[in-house]
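**Student:** What follows is a single structure, and I will ask about it in a moment.
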Amino acid sequence: MKRKKIPFLDPFSKDAKKRWDKIPKWARAKIVDNVYCGKCMGAVSIVLETAKMQNANLILRGKCKTCGHEVCSLVEPERD
Ligand SMILES: [Zn+2]
């Protein structure tokens with residue numbers, strides 16, 4: 001497996017990475033640019049800090065790109 005260039009520490013746990021890799025590129029962009037921020041009261045981009053699996057869900061945690069407020073996003077398990 002080829003490693004992508006990452007400017008800082010990889011926020012993904014091993015399991016989370018596996019799950020993330022299964023998500024199509026367009027869907028990933030939609031996920032990271034569509035996180036609800038309680039301060040901005042709307043969809044914002046997330047500055048990803050950690051990505052972990054919790055039960056069968058992928059939990060992305062980080063900060064709002066606009067205001068720095070803590071935000072998180074849940075990616076439900078795929079049904080196939
Ligand atoms: Zn915000």
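By order of appearance in the structure tokens: chains A, B, ..., then residues from 1 within every chain, and ligands from 1 in the order shown.
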Counting only C-alpha atoms and all ligand atoms, give me one row per residue of chain A with an atom at most 10 Å from an atom of ligand 1, showing the shortest contact pair and its distance in Å to one decimal, sorted by chain then residue number, as a tab-separated table.
**Tutor:**
```
residue	atom	partner	partner_atom_place_in_ligand_line	distance
A:Val35	CA	ligand 1	1 (Zn)	9.3
A:Tyr36	CA	ligand 1	1 (Zn)	8.0
A:Cys37	CA	ligand 1	1 (Zn)	4.8
A:Gly38	CA	ligand 1	1 (Zn)	6.6
A:Lys39	CA	ligand 1	1 (Zn)	4.9
A:Cys40	CA	ligand 1	1 (Zn)	4.2
A:Met41	CA	ligand 1	1 (Zn)	7.3
A:Gly42	CA	ligand 1	1 (Zn)	7.8
A:Ala43	CA	ligand 1	1 (Zn)	8.3
A:Val44	CA	ligand 1	1 (Zn)	6.6
A:Ser45	CA	ligand 1	1 (Zn)	8.6
A:Ile46	CA	ligand 1	1 (Zn)	9.0
A:Lys63	CA	ligand 1	1 (Zn)	7.8
A:Cys64	CA	ligand 1	1 (Zn)	4.6
A:Lys65	CA	ligand 1	1 (Zn)	6.7
A:Thr66	CA	ligand 1	1 (Zn)	5.0
A:Cys67	CA	ligand 1	1 (Zn)	4.2
A:Gly68	CA	ligand 1	1 (Zn)	5.9
A:His69	CA	ligand 1	1 (Zn)	5.3
A:Glu70	CA	ligand 1	1 (Zn)	7.9
A:Val71	CA	ligand 1	1 (Zn)	8.0
```
**Student:** Which residues are close to region 8-16 of chain A, i.e. within 6 Å by only C-alpha atoms, leaving aside same-chain residues fewer than 5 positions away? Reply as a ChimeraX atom specification.
**Tutor:** /A:49-53
**Student:** Assign secondary structure with DSSP using the backbone only, and return the residues of chain A in strand (DSSP E or B) as a PyMOL selection string.
**Tutor:** chain A and resi 12+35-37+42-44+46-54+57-64+70-75
**Student:** When you count only C-alpha atoms, which of these residues is closest to Asp33 (chain A): A:Leu58, A:Val47, A:Val75, A:Arg19?
**Tutor:** A:Val47
**Student:** Mind the document's chain letters and residue numbers, and return as a list in words the residues of chain A that DSSP labels alpha helix (DSSP H).
**Tutor:** Lys14, Asp15, Ala16, Lys17, Lys18, Arg19, Trp20, Asp21, Lys22, Lys25, Trp26, Ala27, Arg28, Ala29, Lys30, Ile31 and Val32 of chain A
**Student:** Just C-alpha atoms for this one: save the residues we selected as a compact mmCIF listing (two decimals), in the first residue's frame.
**Tutor:**
```
# COMPACT_ATOMS: atom_id res chain seq x y z
CA LYS A 14 -6.10 1.80 11.65
CA ASP A 15 -9.75 0.77 11.57
CA ALA A 16 -10.94 4.25 10.74
CA LYS A 17 -8.51 4.47 7.86
CA LYS A 18 -9.81 1.23 6.44
CA ARG A 19 -13.35 2.52 6.60
CA TRP A 20 -12.37 5.92 5.16
CA ASP A 21 -10.59 4.29 2.25
CA LYS A 22 -13.83 2.62 1.26
CA LYS A 25 -13.56 10.60 -2.99
CA TRP A 26 -16.57 12.77 -3.73
CA ALA A 27 -18.37 11.44 -0.68
CA ARG A 28 -15.38 12.15 1.53
CA ALA A 29 -15.29 15.75 0.38
CA LYS A 30 -18.98 16.01 1.16
CA ILE A 31 -18.38 14.66 4.64
CA VAL A 32 -15.52 16.98 5.57
```
